[in-house]
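What's in work-v4.txt: compact mmCIF, C-alpha atoms and all ligand atoms
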# COMPACT_ATOMS: atom_id res chain seq x y z
CA MET U 6 87.10 12.54 -67.50
CA ALA U 7 89.88 10.25 -66.23
CA THR U 8 90.66 7.29 -68.48
CA LYS U 9 88.69 4.27 -67.36
CA GLU U 10 90.21 0.83 -67.00
CA SER U 11 90.29 -1.88 -69.64
CA PHE U 12 88.40 -5.12 -69.05
CA ALA U 13 88.31 -8.74 -70.19
CA ILE U 14 85.33 -11.08 -69.87
CA ILE U 15 85.81 -14.80 -69.23
CA GLY U 16 82.56 -16.73 -69.76
CA CYS U 17 80.46 -15.06 -72.42
CA GLY U 18 76.86 -15.79 -71.45
CA ARG U 19 74.07 -13.60 -70.08
CA ALA U 20 75.99 -11.82 -67.32
CA GLY U 21 79.10 -11.52 -69.48
CA ALA U 22 77.14 -9.93 -72.32
CA ALA U 23 75.37 -7.49 -69.97
CA PHE U 24 78.67 -6.37 -68.40
CA ALA U 25 80.39 -6.15 -71.81
CA ARG U 26 77.74 -3.89 -73.26
CA ALA U 27 77.33 -1.66 -70.20
CA LEU U 28 81.05 -1.33 -69.37
CA SER U 29 81.82 -0.47 -72.96
CA ALA U 30 79.02 2.11 -73.04
CA ALA U 31 80.33 3.58 -69.77
CA GLY U 32 83.79 4.15 -71.25
CA TYR U 33 85.74 1.08 -70.08
CA THR U 34 87.90 -0.35 -72.88
CA PRO U 35 87.10 -3.92 -73.95
CA SER U 36 90.37 -5.81 -74.31
CA GLY U 37 89.55 -9.51 -74.41
CA PHE U 38 86.77 -12.11 -74.46
CA ALA U 39 87.10 -15.83 -73.76
CA SER U 40 84.46 -18.48 -73.48
CA ARG U 41 84.06 -22.24 -73.75
CA SER U 42 83.02 -21.70 -77.36
CA LEU U 43 84.67 -19.20 -79.68
CA SER U 44 81.28 -18.20 -81.10
CA SER U 45 80.06 -16.93 -77.69
CA ALA U 46 83.31 -15.01 -77.18
CA ARG U 47 82.95 -13.41 -80.63
CA GLN U 48 79.30 -12.59 -80.04
CA VAL U 49 80.00 -10.78 -76.76
CA SER U 50 83.01 -9.02 -78.26
CA ASP U 51 80.63 -7.72 -80.96
CA ILE U 52 78.16 -6.64 -78.27
CA ALA U 53 80.97 -4.64 -76.64
CA GLY U 54 81.39 -3.00 -80.03
CA TYR U 55 85.17 -2.74 -80.20
CA GLN U 56 87.04 -4.32 -83.10
CA GLY U 57 90.48 -4.59 -81.48
CA ALA U 58 89.66 -6.99 -78.63
CA ASN U 59 91.28 -10.43 -78.33
CA VAL U 60 88.96 -13.40 -78.63
CA SER U 61 89.75 -17.00 -77.65
CA THR U 62 88.57 -20.12 -75.88
CA LEU U 63 91.57 -19.81 -73.53
CA PRO U 64 91.25 -17.11 -70.84
CA TRP U 65 94.99 -16.46 -70.53
CA GLU U 66 95.16 -15.55 -74.22
CA VAL U 67 92.82 -12.57 -73.76
CA THR U 68 93.64 -11.20 -70.30
CA GLY U 69 97.12 -9.75 -70.93
CA GLU U 70 96.00 -6.14 -71.40
CA ALA U 71 93.07 -6.04 -68.99
CA ASP U 72 93.10 -3.96 -65.80
CA ILE U 73 90.01 -5.82 -64.62
CA VAL U 74 89.09 -9.40 -65.50
CA LEU U 75 85.45 -10.35 -64.97
CA LEU U 76 84.85 -14.06 -64.50
CA THR U 77 81.27 -14.63 -65.62
CA THR U 78 81.38 -18.40 -66.10
CA PRO U 79 78.84 -20.60 -64.30
CA ASP U 80 79.57 -20.82 -60.56
CA ASP U 81 80.77 -24.41 -60.65
CA VAL U 82 83.74 -23.67 -62.91
CA ILE U 83 84.93 -20.39 -61.34
CA ARG U 84 87.49 -22.03 -59.04
CA HIS U 85 88.93 -24.29 -61.73
CA THR U 86 89.07 -21.46 -64.29
CA ALA U 87 90.91 -19.27 -61.77
CA GLU U 88 93.37 -22.09 -61.06
CA GLU U 89 94.10 -22.49 -64.76
CA MET U 90 94.52 -18.73 -65.16
CA ALA U 91 97.01 -18.68 -62.27
CA VAL U 92 99.02 -21.53 -63.83
CA HIS U 93 99.14 -19.91 -67.27
CA ALA U 94 100.03 -16.47 -65.84
CA GLY U 95 98.43 -14.43 -68.62
CA MET U 96 97.47 -11.37 -66.58
CA LYS U 97 99.24 -8.08 -66.19
CA GLU U 98 100.70 -6.90 -62.92
CA GLY U 99 98.22 -5.08 -60.70
CA ALA U 100 95.17 -6.52 -62.45
CA ALA U 101 92.03 -7.26 -60.44
CA VAL U 102 89.84 -10.33 -60.97
CA LEU U 103 86.18 -10.20 -60.00
CA HIS U 104 83.66 -12.98 -60.34
CA CYS U 105 79.92 -12.31 -60.41
CA SER U 106 78.45 -15.18 -58.45
CA GLY U 107 75.87 -14.34 -55.82
CA ALA U 108 76.49 -17.42 -53.72
CA LEU U 109 80.26 -17.85 -53.86
CA SER U 110 82.83 -15.52 -52.35
CA SER U 111 86.17 -14.24 -53.56
CA THR U 112 87.84 -17.21 -51.84
CA GLU U 113 87.06 -19.15 -55.05
CA LEU U 114 89.83 -17.03 -56.60
CA VAL U 115 92.46 -17.98 -54.00
CA SER U 116 94.89 -19.28 -56.64
CA LEU U 117 94.90 -15.87 -58.33
CA ALA U 118 95.23 -14.09 -54.97
CA ASP U 119 98.23 -16.30 -54.21
CA ALA U 120 99.66 -15.29 -57.60
CA GLY U 121 99.54 -11.63 -56.51
CA PHE U 122 96.33 -10.39 -58.15
CA GLN U 123 93.57 -8.46 -56.41
CA THR U 124 90.52 -10.69 -56.06
CA GLY U 125 86.91 -9.95 -55.27
CA SER U 126 83.33 -10.47 -56.36
CA ILE U 127 80.70 -8.12 -57.73
CA HIS U 128 77.16 -9.48 -57.72
CA PRO U 129 74.45 -7.53 -59.52
CA LEU U 130 71.08 -8.16 -57.85
CA GLN U 131 69.48 -8.36 -61.26
CA SER U 132 68.24 -11.03 -63.65
CA PHE U 133 69.83 -10.72 -67.09
CA GLY U 134 67.82 -11.86 -70.07
CA VAL U 135 69.18 -14.10 -72.83
CA ALA U 136 69.10 -11.22 -75.31
CA PRO U 137 70.25 -7.96 -73.71
CA SER U 138 67.83 -5.12 -74.41
CA GLY U 139 68.93 -1.58 -75.23
CA LYS U 140 68.30 -0.53 -71.61
CA ASN U 141 71.19 -0.46 -69.14
CA PRO U 142 70.30 -3.37 -66.78
CA PHE U 143 72.62 -2.02 -64.05
CA GLU U 144 70.85 1.34 -63.74
CA GLY U 145 69.42 1.69 -60.25
CA ILE U 146 70.21 -1.83 -59.06
CA MET U 147 72.08 -2.91 -55.92
CA MET U 148 75.42 -4.68 -56.34
CA GLY U 149 76.95 -6.77 -53.54
CA ILE U 150 80.73 -6.55 -53.46
CA GLU U 151 83.39 -8.20 -51.31
CA GLY U 152 87.01 -9.29 -51.44
CA GLU U 153 90.43 -7.76 -51.03
CA ARG U 154 90.53 -4.04 -50.30
CA GLU U 155 91.77 -2.79 -53.67
CA ALA U 156 89.50 -5.17 -55.59
CA VAL U 157 86.52 -3.94 -53.57
CA GLU U 158 87.42 -0.33 -54.34
CA ARG U 159 87.63 -1.07 -58.06
CA ALA U 160 84.36 -3.02 -57.92
CA ARG U 161 82.75 -0.08 -56.14
CA ILE U 162 83.86 2.34 -58.84
CA MET U 163 82.67 -0.08 -61.54
CA ALA U 164 79.24 -0.51 -59.91
CA GLU U 165 78.75 3.25 -59.57
CA THR U 166 79.98 3.92 -63.11
CA LEU U 167 77.40 1.42 -64.40
CA GLY U 168 74.63 3.29 -62.57
CA GLY U 169 74.24 0.79 -59.74
CA THR U 170 74.62 1.16 -55.98
CA PRO U 171 77.37 -0.96 -54.44
CA PHE U 172 77.18 -2.30 -50.90
CA GLN U 173 79.78 -4.36 -49.12
CA ILE U 174 79.18 -7.88 -47.84
CA ASP U 175 81.33 -9.89 -45.40
CA THR U 176 83.20 -12.55 -47.34
CA ALA U 177 82.09 -15.18 -44.78
CA GLY U 178 78.45 -14.09 -45.14
CA LYS U 179 78.24 -14.46 -48.92
CA MET U 180 76.24 -17.71 -49.00
CA ILE U 181 73.60 -16.53 -46.54
CA TYR U 182 73.38 -13.20 -48.40
CA HIS U 183 72.54 -15.24 -51.50
CA ALA U 184 69.96 -17.29 -49.56
CA ALA U 185 68.32 -13.95 -48.65
CA ALA U 186 68.15 -12.99 -52.33
CA VAL U 187 66.61 -16.38 -53.17
CA VAL U 188 63.95 -15.97 -50.48
CA ALA U 189 63.17 -12.40 -51.63
CA SER U 190 63.00 -13.19 -55.32
CA ASN U 191 62.48 -16.88 -56.07
CA TYR U 192 60.31 -17.64 -53.05
CA LEU U 193 58.26 -14.54 -53.73
CA VAL U 194 57.36 -16.18 -57.04
CA THR U 195 56.41 -19.36 -55.18
CA LEU U 196 54.34 -17.36 -52.73
CA MET U 197 52.52 -15.44 -55.47
CA LYS U 198 51.79 -18.67 -57.37
CA SER U 199 50.41 -20.22 -54.16
CA ALA U 200 48.18 -17.20 -53.51
CA MET U 201 46.90 -17.35 -57.09
CA ASP U 202 46.18 -21.09 -56.74
CA LEU U 203 44.19 -20.45 -53.55
CA LEU U 204 42.28 -17.68 -55.31
CA GLY U 205 41.57 -20.12 -58.13
CA ALA U 206 40.23 -22.63 -55.56
CA SER U 207 37.80 -19.91 -54.38
CA GLY U 208 36.30 -19.78 -57.87
CA VAL U 209 38.08 -16.70 -59.25
CA ASP U 210 39.17 -16.94 -62.88
CA PRO U 211 42.89 -17.99 -62.67
CA GLU U 212 43.67 -15.62 -65.57
CA LYS U 213 42.66 -12.68 -63.34
CA GLY U 214 44.50 -13.87 -60.22
CA PHE U 215 47.50 -11.59 -60.39
CA ALA U 216 45.55 -8.52 -61.46
CA ILE U 217 43.24 -8.99 -58.48
CA LEU U 218 46.09 -9.45 -55.99
CA LYS U 219 48.46 -6.83 -57.42
CA PRO U 220 47.13 -3.70 -55.63
CA LEU U 221 47.23 -5.63 -52.33
CA ILE U 222 50.79 -6.82 -53.02
CA MET U 223 52.00 -3.36 -54.05
CA GLY U 224 50.34 -1.76 -51.03
CA THR U 225 52.07 -4.26 -48.74
CA LEU U 226 55.46 -3.59 -50.35
CA GLY U 227 54.84 0.13 -49.87
CA ASN U 228 54.04 -0.45 -46.19
CA ILE U 229 57.23 -2.50 -45.73
CA GLU U 230 59.20 0.33 -47.32
CA SER U 231 57.64 3.05 -45.19
CA SER U 232 57.21 1.24 -41.86
CA GLY U 233 59.46 -1.84 -41.91
CA ALA U 234 58.42 -5.51 -42.17
CA VAL U 235 57.23 -5.97 -38.58
CA ASP U 236 54.89 -2.96 -38.60
CA ALA U 237 53.66 -3.69 -42.14
CA LEU U 238 51.95 -6.89 -41.00
CA THR U 239 48.15 -6.85 -41.16
CA GLY U 240 45.52 -9.60 -41.11
CA PRO U 241 44.10 -12.19 -38.71
CA ILE U 242 47.34 -13.37 -37.11
CA VAL U 243 48.57 -9.94 -36.04
CA ARG U 244 45.03 -9.22 -34.77
CA GLY U 245 45.07 -12.47 -32.79
CA ASP U 246 41.94 -13.71 -34.54
CA THR U 247 42.36 -17.41 -33.80
CA ALA U 248 38.86 -18.32 -35.04
CA ILE U 249 39.59 -17.06 -38.57
CA VAL U 250 42.97 -18.81 -38.70
CA ARG U 251 41.32 -22.05 -37.54
CA ALA U 252 38.67 -21.64 -40.27
CA HIS U 253 41.37 -21.05 -42.91
CA VAL U 254 43.16 -24.23 -41.88
CA ALA U 255 39.94 -26.28 -42.06
CA THR U 256 38.98 -24.85 -45.47
CA ILE U 257 42.42 -25.29 -46.98
CA ARG U 258 42.56 -28.87 -45.64
CA ARG U 259 39.28 -29.56 -47.47
CA ASP U 260 39.64 -27.52 -50.68
CA ALA U 261 43.37 -27.13 -51.31
CA PRO U 262 45.20 -29.69 -49.14
CA GLN U 263 48.42 -29.33 -51.13
CA MET U 264 48.69 -25.77 -49.68
CA LEU U 265 48.26 -26.75 -46.03
CA ALA U 266 51.93 -27.33 -45.15
CA LEU U 267 52.90 -23.95 -46.65
CA TYR U 268 50.04 -22.15 -44.84
CA HIS U 269 51.07 -23.79 -41.56
CA LEU U 270 54.74 -22.93 -41.93
CA LEU U 271 54.32 -19.32 -43.05
CA GLY U 272 51.60 -18.86 -40.44
CA LYS U 273 53.97 -19.94 -37.65
CA HIS U 274 56.61 -17.45 -38.84
CA THR U 275 53.90 -14.79 -39.01
CA VAL U 276 52.87 -15.53 -35.40
CA GLU U 277 56.45 -14.82 -34.32
CA ILE U 278 56.40 -11.47 -36.16
CA ALA U 279 53.12 -10.57 -34.42
CA SER U 280 54.67 -11.59 -31.12
CA GLU U 281 57.77 -9.45 -31.82
CA ARG U 282 55.44 -6.53 -32.49
CA GLY U 283 53.68 -7.16 -29.18
CA SER U 284 50.23 -7.27 -30.78
CA ILE U 285 49.27 -10.71 -29.38
CA SER U 286 49.46 -12.12 -25.86
CA ASP U 287 51.57 -15.17 -24.99
CA GLU U 288 48.37 -17.17 -24.64
CA THR U 289 47.14 -16.16 -28.14
CA ARG U 290 50.58 -16.92 -29.54
CA ARG U 291 50.46 -20.46 -28.09
CA GLU U 292 46.89 -20.97 -29.34
CA LEU U 293 47.74 -19.79 -32.87
CA LEU U 294 50.87 -21.99 -32.99
CA SER U 295 48.76 -24.95 -31.92
CA VAL U 296 46.16 -24.27 -34.66
CA LEU U 297 48.98 -23.94 -37.21
CA SER U 298 50.59 -27.20 -36.14
CA GLY U 299 47.77 -29.24 -37.57
N1 LIG J 1 72.19 -14.34 -65.42
C1 LIG J 1 71.95 -13.59 -64.38
O1 LIG J 1 70.87 -13.03 -64.25
C2 LIG J 1 73.01 -13.38 -63.32
C3 LIG J 1 72.80 -12.38 -62.35
C4 LIG J 1 73.76 -12.16 -61.39
C5 LIG J 1 74.91 -12.94 -61.37
N2 LIG J 1 75.09 -13.92 -62.30
C6 LIG J 1 76.31 -14.73 -62.23
O2 LIG J 1 77.02 -14.60 -63.43
C7 LIG J 1 77.71 -15.83 -63.70
C8 LIG J 1 77.30 -16.32 -65.06
O3 LIG J 1 75.92 -16.58 -65.08
P1 LIG J 1 75.09 -16.50 -66.46
O4 LIG J 1 73.67 -16.51 -66.07
O5 LIG J 1 75.61 -15.43 -67.31
O6 LIG J 1 75.44 -17.92 -67.10
P2 LIG J 1 75.34 -18.34 -68.63
O7 LIG J 1 74.38 -17.49 -69.37
O8 LIG J 1 75.17 -19.82 -68.63
O9 LIG J 1 76.78 -17.98 -69.18
C9 LIG J 1 77.95 -18.60 -68.73
C10 LIG J 1 78.89 -18.67 -69.91
O10 LIG J 1 80.11 -19.24 -69.43
C11 LIG J 1 80.66 -20.02 -70.47
N3 LIG J 1 81.41 -21.12 -69.90
C12 LIG J 1 80.96 -22.29 -69.36
N4 LIG J 1 81.98 -23.00 -68.90
C13 LIG J 1 83.11 -22.30 -69.16
C14 LIG J 1 84.48 -22.52 -68.96
N5 LIG J 1 84.91 -23.63 -68.34
N6 LIG J 1 85.36 -21.57 -69.37
C15 LIG J 1 84.94 -20.44 -69.97
N7 LIG J 1 83.64 -20.19 -70.21
C16 LIG J 1 82.74 -21.09 -69.80
C17 LIG J 1 79.51 -20.51 -71.33
O11 LIG J 1 80.06 -20.36 -72.60
P3 LIG J 1 79.65 -20.91 -74.03
O12 LIG J 1 78.45 -20.09 -74.41
O13 LIG J 1 80.87 -20.54 -74.76
O14 LIG J 1 79.37 -22.36 -73.92
C18 LIG J 1 78.37 -19.55 -71.03
O15 LIG J 1 78.07 -18.73 -72.13
C19 LIG J 1 77.37 -16.77 -62.57
O16 LIG J 1 78.36 -16.68 -61.58
C20 LIG J 1 76.06 -16.22 -62.05
O17 LIG J 1 75.85 -16.53 -60.68
C21 LIG J 1 74.16 -14.16 -63.27

Any chance you could put this one into structure tokens?
Ligand SMILES: NC(=O)c1ccc[n+]([C@@H]2O[C@H](COP(=O)([O-])OP(=O)(O)OC[C@H]3O[C@@H](n4cnc5c(N)ncnc54)[C@H](OP(=O)(O)O)[C@@H]3O)[C@@H](O)[C@H]2O)c1
Amino acid sequence: MATKESFAIIGCGRAGAAFARALSAAGYTPSGFASRSLSSARQVSDIAGYQGANVSTLPWEVTGEADIVLLTTPDDVIRHTAEEMAVHAGMKEGAAVLHCSGALSSTELVSLADAGFQTGSIHPLQSFGVAPSGKNPFEGIMMGIEGEREAVERARIMAETLGGTPFQIDTAGKMIYHAAAVVASNYLVTLMKSAMDLLGASGVDPEKGFAILKPLIMGTLGNIESSGAVDALTGPIVRGDTAIVRAHVATIRRDAPQMLALYHLLGKHTVEIASERGSISDETRRELLSVLSG
């Protein structure tokens, strides 16, 4: 097996610890760890399991031997940290710097790009726990990568070596890509909580809400996977059943008024999906939109 690259981690929190453990296990050599506090840097160095790594609170003191520097600080300090690293010039020639933010692009690292380093970002679509478990959290996940050509190539190799699947994003599209991930993950939680609250309002034991809805949810996800989102749609809107939708609105207004705005809004988006599918006439579309506008 070809020798893998050495890496340094700047910002030793949840993502930093997950990368340190997995990269080390995959054969990358840990060479340095820096964090705001020395204790976090030491802890993640221990997680990487290599005694010879440099540890500091100053990034440029630990990056000198690294082929790849991973910036896993919080998003709001990435740019400033990169600027300081460029000023202190502690990296070796040809090194690549990748940050792991989902929302920000490699342009945050412009000062390091100007200093001649390869810059990019590698975003694991994964939620890392506070205490990393024994399981490789990169196995089977998708990882969005973007940046300069060579940095992207090294990020691609890293993602695949960790067991993930890399896919490239346009640098200019990074923020909207992140908005998509928020809708898919965070708003799914909001949606599930809302469905469970409505079920509770119907008299079902709130403790059983998720268990009752889960087969329906999983079946819907399966249909999206096999047929695509537009064809997966079922229910009264795609059937054009205006009477049922009107009855829902009246009942929610009476029994769960805090849910009405959400029902209206999602309902209107659902009408447009039904219309795209061609399952409702223009007249039914207008009628449904009127019912869902209050
Ligand atoms: N957590 C996830 O699930 C996840 C998933 C995908 C991507 N990401 C990305 O990974 C990055 C880190 O997120 P995280 O969740 O790992 O955050 P986190 O757990 O809060 O860790 C960030 C670490 O950065 C350190 N830090 C803060 N300011 C610093 C500075 N100025 N210089 C050096 N180190 C500094 C902190 O160190 P001390 O402990 O020393 O105070 C902290 O441990 C973000 O860009 C995030 O978007 C996270």

- request: List all protein, DNA and RNA residues that have an atom no more than 9 Å from any atom of ligand LIG 1 (chain J), counting all atoms listed in the file, and report them as a PyMOL selection string.
  value: chain U and resi 15-23+39-46+62-64+76-83+85-86+104-109+127-135

Distance in Å - atom CA of Ala53 of chain U versus atom CA of Lys140 of chain U: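 One can read the atom CA of Ala53 of chain U to atom CA of Lys140 of chain U distance as 14.2 Å.
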
- request: Excluding segment 217-229 of chain U and residues on its chain fewer than 5 positions from it, collect all residues at most 12 Å away from it, counting all atoms listed in the file, and give them as a ChimeraX atom specification.
  value: /U:189,193,196-205,209-212,234-240

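Rounded to one decimal, atom CA of Pro262 of chain U and atom CA of Arg244 of chain U lie 25.0 Å from each other.
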
- request: To one decimal in Å, tell me the separation between atom CA of Thr112 of chain U and atom CA of Ser29 of chain U.
  value: 27.6 Å

- request: Extract, using only C-alpha atoms, all DNA, RNA and protein residues at most 12 Å from Ser298 of chain U, discarding same-chain residues fewer than 6 positions from it, and format them as number ranges by chain.
  value: U: 250-251, 254, 265-274, 276, 291-292

message: Ranking U:Ser126, U:Asn191, U:Ser284, U:Thr34 by minimum distance to Ser111 of chain U and counting all atoms listed in the file, which one comes first?
response: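 Residue with the minimum atom-to-atom distance to Ser111 of chain U: U:Ser126.
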
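The residue that comes closest to Val74 of chain U, out of U:Gly54, U:Glu151, U:Ala156, U:Ile146 and on the basis of only C-alpha atoms, is U:Ala156.
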
Nearest to Leu28 of chain U, chosen from U:Ser190, U:Gln56, U:Thr166, U:Thr124, with only C-alpha atoms counted in the distances: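 Residue with the minimum atom-to-atom distance to Leu28 of chain U: U:Thr166.
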
query: Which residue, U:Glu70, U:Ile150, U:Ala252, U:Val60, has the smallest gap to Gly178 of chain U when you use all atoms listed in the file?
result: U:Ile150

field: Minimum-distance residue to Ala13 of chain U, chosen among U:Ile285, U:Leu103, U:Ala118, U:Met180 (using all atoms listed in the file)
entry: U:Leu103

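Among U:Thr275, U:Thr247, U:Gln48, U:Gln263, the residue with the shortest atom-to-atom distance to Ser295 of chain U, counting all atoms listed in the file, is U:Thr247.
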
- prompt: Got a sec to check which residues sit within 10 Å of (101.1, -10.1, -57.5), counting all atoms listed in the file, and write them as a list of chain:residue names?
  reply: U:Met96, U:Lys97, U:Glu98, U:Gly99, U:Ala100, U:Ala101, U:Leu117, U:Ala118, U:Asp119, U:Ala120, U:Gly121, U:Phe122, U:Gln123
